[in-house]
Amino acid sequence: MIGVISYLVFFATVASILSIAVLGLNLQWGNTGLFNGGVVAFFGAGAYGTLLLGSASQDGLLGGFGLPYLLALFGGMMIAGIVAWIVGLLTLRLRHDYLAIATFGVAVAFENLVRNADLLGGAQGIRGFERPLRDTFGNGFTYNLLFFVFVLILLVLTYVFLERLIASPFGRLLRAIREDETAAQSLGKSPSRVRLTAFIAGSVIMGLAGGLYATFYAFISPQDVLPILTFQIWAMLIVGGAGNNKGAVMGTFLIWAAWTASGWALSRFAPLEVQLYTGSIQFVLIGFVIVGMLLWRPQGLFPEKLVVSQSAKTGG
Amino acid sequence: MTPALVAKDVVAGYVPDLPILKGVSLSAQSAKVTVIIGPNGAGKSTLIKAIAGLVPVAEGSVALNGQDITNPRPDQMGSAGVAYVPQSDNIFRSLTIRQNLDLVLRNAGKEAADRRDALFAQFPALADKQTEKAGALSGGQRQFLAVAMALAINPSVILMDEPSAGLSPKAAQEVLEYAKSLTAQGVTILLVEQNVKQALRLADHCFILADGQNQVDGAAQDLLNDPVVGQIYLGGKRVSAA
Amino acid sequence: MIQNLVDGFLVGSILSLGAIGLTMAMHMLRFANFSHAELLSIGAYVALVFDGLFSAIYPALAGAIAPLSLTWALSLSILISMAITGISAILIDRLVFKRVRAKGGELSMVFASFGVAMILRNILGLIFGLDPKLYSQDIVFAIVVSRDPFLLVKPDQVFTLIAALLIMFILHLVLSRTTFGYSLRAVAENPTLAQVSGINLSRMIVLIWLIGGGLAAAAGVFYGLTNQINPVLGRDLVLPIFAATIVGGIGSIYGAVLGGFLVGLASNLALVILPSGYSPAVPFLIILAVLLIRPHGLFGEERA
């Protein structure tokens, strides 16, 4: 019994962590209309940042300041934010398809960098990170449960924060810019600054998710920041419903459940020769999910509801 | 005399909910010059584009020699004998003069070379520069190339959107006179113009549009001196949507 | 360093062929097609299949054309692969992009292209296996062109370069001397005027996919010939090919050709100073530089 619950806790923890990242993407795309093709770079910046700041000093490795956990997590988020600030300044004014290519390139460059730079762990990644409060709670089920609660709290906080943000004047401004930039400009608001803010905020949230992910596994390597993660996060948002935070979280759980279930089913039932191709089969499935959703129901399973503040301009 | 082109109660616009034309009718007599004038925003260009198939017609009809051609595919108008000369960007700048003509003549088969030579005979200025890129020509020369491209398909009707736009008065006069001369060969000309006086002097019939609706129409010579023209432009005596 | 220059030139010719199709599709349909590079993989594998087929049916064709490792069977297969890949590109557009275009916006097409890329790449892996393959098991020795500076060139690389240049030259002739070529250029410059001039836009789009797919197939085979064939062949070339189109200016075929060579050269020359692990990041830096300094690239213009 404990085995099943333990697995569910494991599943829910990762799903919750990914939900946080998808919420960040929703702020960028769903609310602001920015196409971030390099999600994994900001996720990765948070992950690497948290580990490098929080672990003890190691030879040949950058960082290692042994900061207290929450500080390290925060530091990771800030690093993601700084990367977003630089990338945003350089690319946000580009046309949408150029933005997609540029941000995709950022992710490729990021993975390339952490894979080749020994100061950042190189191909082996970064180990030697002590999970917070491990001494107190040990390494067993209790710890995992508590960590799950910790992640859940952060997920709820992020969700509430974003919902408040959308209902606030800033949220209205985002929507205005997304719908009609010229009109927003005539009101004296600077669209580029607002978009940059939203981009950075979304990326900081992705960095939080990355930090939590790295904490959970107490390990990060270039294999965790491959482009496939960007596609998975996008798939979660597309399936759930862009522009909708509840949809984003539901979409994440749905897709992650499908991913782990398909992985489990293949390892259990597929003949041995096929197991080598588990990854390929899963990738084909997720490709079909993305294309299928876009053809059948592009607004997602839980589409954007009209927010109260829009009632004055219904009909566009 | 059957009118070559008839538009009846046309409602059209780029966006379905926002019609620019709110029920416009006109008829262009065969082998005559019909000009459409009116203040800015009247929908003159939109009407021409709607006939050419570039703006969707929501209600009403357009007929060519009695045959319905409402909402045609723009690339099929040529084979129906209708040529359209847009106001701007009416030639391919990256192609040479000769390539522009060869492009339009590509379906003419064996006749292509003859037609091209005939066009060069009519427009010697273009013949001299035929290997130059169209983008390097002056405004007036580009306009003549655009007209030549329209003529290349042996049209029975030519739609022209402000052919004199951006041209010197002399060049404008040349283009308009040339358009008039085509009617002697049986071509029907329907054109939109901002250059009211010059156009009315050369045209046969005139339609005045404002606010997406018909206002007045009549023989061009009569309207040339009619004060109602000026009044409509200044906003006085307009018929508006209810 | 001269070795880097030569290698860069050779890789550049492959990138150019891949970029031509991408720049046309990106310009006409206004979306960044992340699945275009997979057409190179498809081309390479289809040629592999037909190469095997022809060699089995007509063993005489399996003979190599000395001093290359290229066989007659493979030469024939390249042509067939170009046709099949071109048709595949049309089918993918019809099944996916056209319908997404109708339902969603241009951005949905970018997402859809991510999805299509994942599907194509992994299906190739499932069908053909993940291990790298070669067209020929023969060991072909590189020719030492000079000893000082040291310069090694494989005969297959020379063939690839010449073939690629030949294809581009033929394309140039079509563009500058045939009315079909004028139609392609007209549609790129001003689609509305092109329609008014009697050009059927949907048919042109089909032809653009056909040509783009065909050229991509050739590029894929050439890459497979001078390196190896594996399912991630396309994925590894996505960013360099995008870089080539951006450098050249989206919509310009000549720009794509020039861009391909420039990106190839830059990526290889960078190896003189950077450790080789970093070379995948060079195209990204090129993209960033171009978008900052000259967003329209060398020859690009906004569509009319």
# chains A, B, ... in the order shown; residues from 1 in each chain; ligands from 1
call {"tool": "closest_atom_pairs", "arguments": {"of": "chain A", "to": "chain C", "cutoff": "7 Å", "atoms": "only C-alpha atoms", "output": "tab-separated table"}}
result
residue	atom	partner	partner_atom	distance
A:Asp97	CA	C:Ala32	CA	5.2
A:Ala102	CA	C:Leu288	CA	6.9
A:Gly105	CA	C:Phe284	CA	5.2
A:Val108	CA	C:Ala281	CA	6.8
A:Ala109	CA	C:Ala281	CA	4.9
A:Asn112	CA	C:Tyr278	CA	6.3
A:Asn116	CA	C:Gly277	CA	6.1
A:Tyr277	CA	C:Leu126	CA	6.8
A:Ser280	CA	C:Asn122	CA	5.1
A:Phe283	CA	C:Met118	CA	6.2
A:Val284	CA	C:Ile119	CA	4.5
A:Gly287	CA	C:Gly115	CA	4.1
A:Phe288	CA	C:Gly115	CA	6.6
A:Ile290	CA	C:Gly115	CA	5.6
A:Val291	CA	C:Ala112	CA	5.2
A:Leu294	CA	C:Val100	CA	6.5
A:Leu295	CA	C:Val100	CA	5.7
A:Pro298	CA	C:Gly104	CA	6.9
call {"tool": "select_by_dssp", "arguments": {"residues": "stretch 134-184 of chain C", "states": "helix (DSSP H, G or I)", "output": "ChimeraX atom specification"}}
result
/C:155-177,179-184
call {"tool": "write_last_selection", "arguments": {"atoms": "N, CA and C atoms", "output": "CSV table (one decimal), in the first residue's frame"}}
result
chain,number,residue,atom,x,y,z
C,155,PRO,N,36.8,12.7,-51.7
C,155,PRO,CA,36.2,12.8,-53.0
C,155,PRO,C,34.7,13.0,-52.9
C,156,ASP,N,34.0,12.4,-52.0
C,156,ASP,CA,32.6,12.5,-51.9
C,156,ASP,C,32.2,14.0,-51.5
C,157,GLN,N,33.1,14.6,-50.8
C,157,GLN,CA,32.8,16.0,-50.4
C,157,GLN,C,32.9,16.9,-51.7
C,158,VAL,N,33.8,16.6,-52.5
C,158,VAL,CA,34.0,17.4,-53.7
C,158,VAL,C,32.7,17.2,-54.6
C,159,PHE,N,32.3,15.9,-54.7
C,159,PHE,CA,31.1,15.7,-55.5
C,159,PHE,C,29.9,16.4,-54.9
C,160,THR,N,29.8,16.4,-53.6
C,160,THR,CA,28.7,17.0,-52.9
C,160,THR,C,28.6,18.5,-53.3
C,161,LEU,N,29.8,19.1,-53.2
C,161,LEU,CA,29.9,20.6,-53.4
C,161,LEU,C,29.5,20.9,-54.9
C,162,ILE,N,30.0,20.1,-55.8
C,162,ILE,CA,29.7,20.4,-57.2
C,162,ILE,C,28.3,20.1,-57.5
C,163,ALA,N,27.7,19.0,-57.0
C,163,ALA,CA,26.3,18.7,-57.2
C,163,ALA,C,25.4,19.8,-56.6
C,164,ALA,N,25.8,20.2,-55.4
C,164,ALA,CA,24.9,21.3,-54.8
C,164,ALA,C,25.0,22.6,-55.6
C,165,LEU,N,26.2,22.9,-56.0
C,165,LEU,CA,26.3,24.2,-56.8
C,165,LEU,C,25.6,24.0,-58.2
C,166,LEU,N,25.6,22.8,-58.7
C,166,LEU,CA,24.9,22.6,-60.0
C,166,LEU,C,23.4,22.8,-59.8
C,167,ILE,N,22.9,22.2,-58.7
C,167,ILE,CA,21.5,22.3,-58.4
C,167,ILE,C,21.1,23.8,-58.3
C,168,MET,N,21.9,24.5,-57.5
C,168,MET,CA,21.6,25.9,-57.3
C,168,MET,C,21.7,26.7,-58.6
C,169,PHE,N,22.6,26.3,-59.5
C,169,PHE,CA,22.8,27.0,-60.8
C,169,PHE,C,21.5,26.8,-61.6
C,170,ILE,N,21.0,25.5,-61.6
C,170,ILE,CA,19.8,25.2,-62.4
C,170,ILE,C,18.7,26.0,-61.9
C,171,LEU,N,18.6,26.1,-60.5
C,171,LEU,CA,17.5,26.9,-59.9
C,171,LEU,C,17.7,28.4,-60.4
C,172,HIS,N,18.9,28.9,-60.4
C,172,HIS,CA,19.1,30.2,-60.8
C,172,HIS,C,18.6,30.5,-62.3
C,173,LEU,N,18.9,29.5,-63.1
C,173,LEU,CA,18.5,29.6,-64.5
C,173,LEU,C,16.9,29.7,-64.6
C,174,VAL,N,16.3,28.8,-63.8
C,174,VAL,CA,14.8,28.8,-63.8
C,174,VAL,C,14.3,30.2,-63.3
C,175,LEU,N,14.9,30.7,-62.3
C,175,LEU,CA,14.4,31.9,-61.7
C,175,LEU,C,14.6,33.1,-62.7
C,176,SER,N,15.7,33.1,-63.4
C,176,SER,CA,16.0,34.3,-64.2
C,176,SER,C,15.6,34.1,-65.7
C,177,ARG,N,15.2,32.9,-66.1
C,177,ARG,CA,14.9,32.8,-67.5
C,177,ARG,C,13.6,32.2,-67.9
C,179,THR,N,9.3,31.7,-67.2
C,179,THR,CA,8.1,32.4,-66.6
C,179,THR,C,7.7,31.8,-65.3
C,180,PHE,N,8.0,30.5,-65.2
C,180,PHE,CA,7.7,29.8,-63.9
C,180,PHE,C,8.6,30.5,-62.8
C,181,GLY,N,9.8,30.7,-63.1
C,181,GLY,CA,10.7,31.4,-62.2
C,181,GLY,C,10.2,32.8,-61.8
C,182,TYR,N,9.8,33.5,-62.9
C,182,TYR,CA,9.2,34.8,-62.6
C,182,TYR,C,8.0,34.7,-61.7
C,183,SER,N,7.2,33.7,-61.9
C,183,SER,CA,6.0,33.5,-61.0
C,183,SER,C,6.4,33.3,-59.6
C,184,LEU,N,7.5,32.5,-59.3
C,184,LEU,CA,7.9,32.3,-58.0
C,184,LEU,C,8.4,33.6,-57.3
call {"tool": "interface_residues", "arguments": {"of": "chain C", "to": "chain B", "cutoff": "9 Å", "atoms": "only C-alpha atoms", "output": "compact mmCIF listing (two decimals) with N, CA and C atoms, in the first residue's frame"}}
result
# COMPACT_ATOMS: atom_id res chain seq x y z
N SER C 176 15.72 33.08 -63.41
CA SER C 176 16.04 34.26 -64.22
C SER C 176 15.59 34.13 -65.66
N ARG C 177 15.21 32.93 -66.10
CA ARG C 177 14.90 32.81 -67.51
C ARG C 177 13.57 32.15 -67.85
N THR C 178 12.87 31.64 -66.87
CA THR C 178 11.59 31.01 -67.21
C THR C 178 10.45 31.76 -66.56
N THR C 179 9.29 31.72 -67.20
CA THR C 179 8.15 32.41 -66.62
C THR C 179 7.73 31.76 -65.31
N PHE C 180 8.02 30.47 -65.16
CA PHE C 180 7.73 29.84 -63.87
C PHE C 180 8.59 30.48 -62.79
N TYR C 182 9.75 33.48 -62.86
CA TYR C 182 9.22 34.83 -62.60
C TYR C 182 8.01 34.72 -61.67
N SER C 183 7.19 33.69 -61.88
CA SER C 183 6.01 33.52 -61.02
C SER C 183 6.43 33.34 -59.57
N ARG C 185 9.16 34.37 -58.12
CA ARG C 185 9.66 35.63 -57.59
C ARG C 185 8.53 36.62 -57.39
N ALA C 186 7.57 36.60 -58.30
CA ALA C 186 6.44 37.53 -58.20
C ALA C 186 5.64 37.24 -56.93
N GLU C 189 7.37 38.51 -53.94
CA GLU C 189 7.42 39.97 -53.79
C GLU C 189 6.06 40.54 -53.44
N ASN C 190 5.02 40.08 -54.10
CA ASN C 190 3.70 40.71 -53.93
C ASN C 190 2.60 39.72 -54.28
N THR C 192 -0.57 39.56 -53.75
CA THR C 192 -1.83 40.08 -54.29
C THR C 192 -1.70 40.43 -55.75
N LEU C 193 -0.63 41.14 -56.08
CA LEU C 193 -0.42 41.50 -57.48
C LEU C 193 -0.22 40.24 -58.31
N ALA C 194 0.42 39.25 -57.72
CA ALA C 194 0.63 38.00 -58.44
C ALA C 194 -0.70 37.37 -58.80
N GLN C 195 -1.61 37.38 -57.86
CA GLN C 195 -2.95 36.84 -58.13
C GLN C 195 -3.62 37.63 -59.24
N VAL C 196 -3.55 38.94 -59.11
CA VAL C 196 -4.16 39.81 -60.11
C VAL C 196 -3.55 39.55 -61.49
N SER C 197 -2.28 39.15 -61.50
CA SER C 197 -1.61 38.85 -62.78
C SER C 197 -1.90 37.44 -63.24
N GLY C 198 -2.82 36.77 -62.56
CA GLY C 198 -3.25 35.47 -63.05
C GLY C 198 -2.57 34.27 -62.43
N ILE C 199 -1.79 34.47 -61.36
CA ILE C 199 -1.09 33.35 -60.75
C ILE C 199 -1.97 32.73 -59.66
N ASN C 200 -2.10 31.42 -59.71
CA ASN C 200 -2.92 30.69 -58.74
C ASN C 200 -2.08 30.44 -57.49
N LEU C 201 -2.40 31.14 -56.40
CA LEU C 201 -1.57 31.07 -55.20
C LEU C 201 -1.51 29.68 -54.59
N ALA C 304 5.04 42.75 -49.58
CA ALA C 304 4.13 43.85 -49.93
C ALA C 304 2.70 43.51 -49.51
call {"tool": "atom_distance", "arguments": {"atom1": "atom CA of B:Ala152", "atom2": "atom CA of B:Ala112"}}
result
8.7 Å
call {"tool": "select_by_dssp", "arguments": {"residues": "stretch 16-156 of chain B", "states": "strand (DSSP E or B)", "output": "ChimeraX atom specification"}}
result
/B:18,21-29,33-37,57-64,67-68,82-85,96,133
call {"tool": "write_last_selection", "arguments": {"atoms": "C-alpha atoms", "output": "PDB file, in the first residue's frame"}}
result
ATOM      1  CA  LEU B  18     -17.665  46.252 -40.930  1.00  0.00           C
ATOM      2  CA  LEU B  21     -19.682  49.613 -49.217  1.00  0.00           C
ATOM      3  CA  LYS B  22     -23.280  49.744 -48.044  1.00  0.00           C
ATOM      4  CA  GLY B  23     -25.255  48.977 -51.158  1.00  0.00           C
ATOM      5  CA  VAL B  24     -23.507  50.559 -54.128  1.00  0.00           C
ATOM      6  CA  SER B  25     -24.615  50.245 -57.735  1.00  0.00           C
ATOM      7  CA  LEU B  26     -22.989  51.353 -60.945  1.00  0.00           C
ATOM      8  CA  SER B  27     -22.802  50.452 -64.578  1.00  0.00           C
ATOM      9  CA  ALA B  28     -19.914  50.957 -66.979  1.00  0.00           C
ATOM     10  CA  GLN B  29     -20.952  51.318 -70.623  1.00  0.00           C
ATOM     11  CA  VAL B  33     -14.690  55.718 -69.819  1.00  0.00           C
ATOM     12  CA  THR B  34     -16.582  55.602 -66.533  1.00  0.00           C
ATOM     13  CA  VAL B  35     -14.995  57.375 -63.600  1.00  0.00           C
ATOM     14  CA  ILE B  36     -15.724  56.993 -59.890  1.00  0.00           C
ATOM     15  CA  ILE B  37     -14.986  60.007 -57.704  1.00  0.00           C
ATOM     16  CA  VAL B  57     -18.838  40.884 -51.406  1.00  0.00           C
ATOM     17  CA  ALA B  58     -21.400  40.077 -48.718  1.00  0.00           C
ATOM     18  CA  GLU B  59     -24.530  41.149 -50.575  1.00  0.00           C
ATOM     19  CA  GLY B  60     -25.354  42.304 -54.078  1.00  0.00           C
ATOM     20  CA  SER B  61     -23.962  41.224 -57.417  1.00  0.00           C
ATOM     21  CA  VAL B  62     -21.492  42.089 -60.133  1.00  0.00           C
ATOM     22  CA  ALA B  63     -22.105  41.104 -63.752  1.00  0.00           C
ATOM     23  CA  LEU B  64     -19.884  41.208 -66.827  1.00  0.00           C
ATOM     24  CA  GLN B  67     -22.751  37.012 -66.678  1.00  0.00           C
ATOM     25  CA  ASP B  68     -22.495  36.954 -62.904  1.00  0.00           C
ATOM     26  CA  VAL B  82     -10.942  41.912 -66.946  1.00  0.00           C
ATOM     27  CA  ALA B  83      -7.628  43.551 -66.073  1.00  0.00           C
ATOM     28  CA  TYR B  84      -6.989  45.373 -62.796  1.00  0.00           C
ATOM     29  CA  VAL B  85      -4.331  48.028 -62.283  1.00  0.00           C
ATOM     30  CA  THR B  96      12.846  43.581 -65.382  1.00  0.00           C
ATOM     31  CA  LYS B 133      14.475  46.256 -63.209  1.00  0.00           C
TER      32      LYS B 133
END
call {"tool": "residues_around", "arguments": {"residues": "A:Ile126", "least_positions_apart": "6", "cutoff": "10 Å", "atoms": "only C-alpha atoms", "output": "PyMOL selection string"}}
result
chain A and resi 48+51-52+55+58+61+118-120+214+218-222
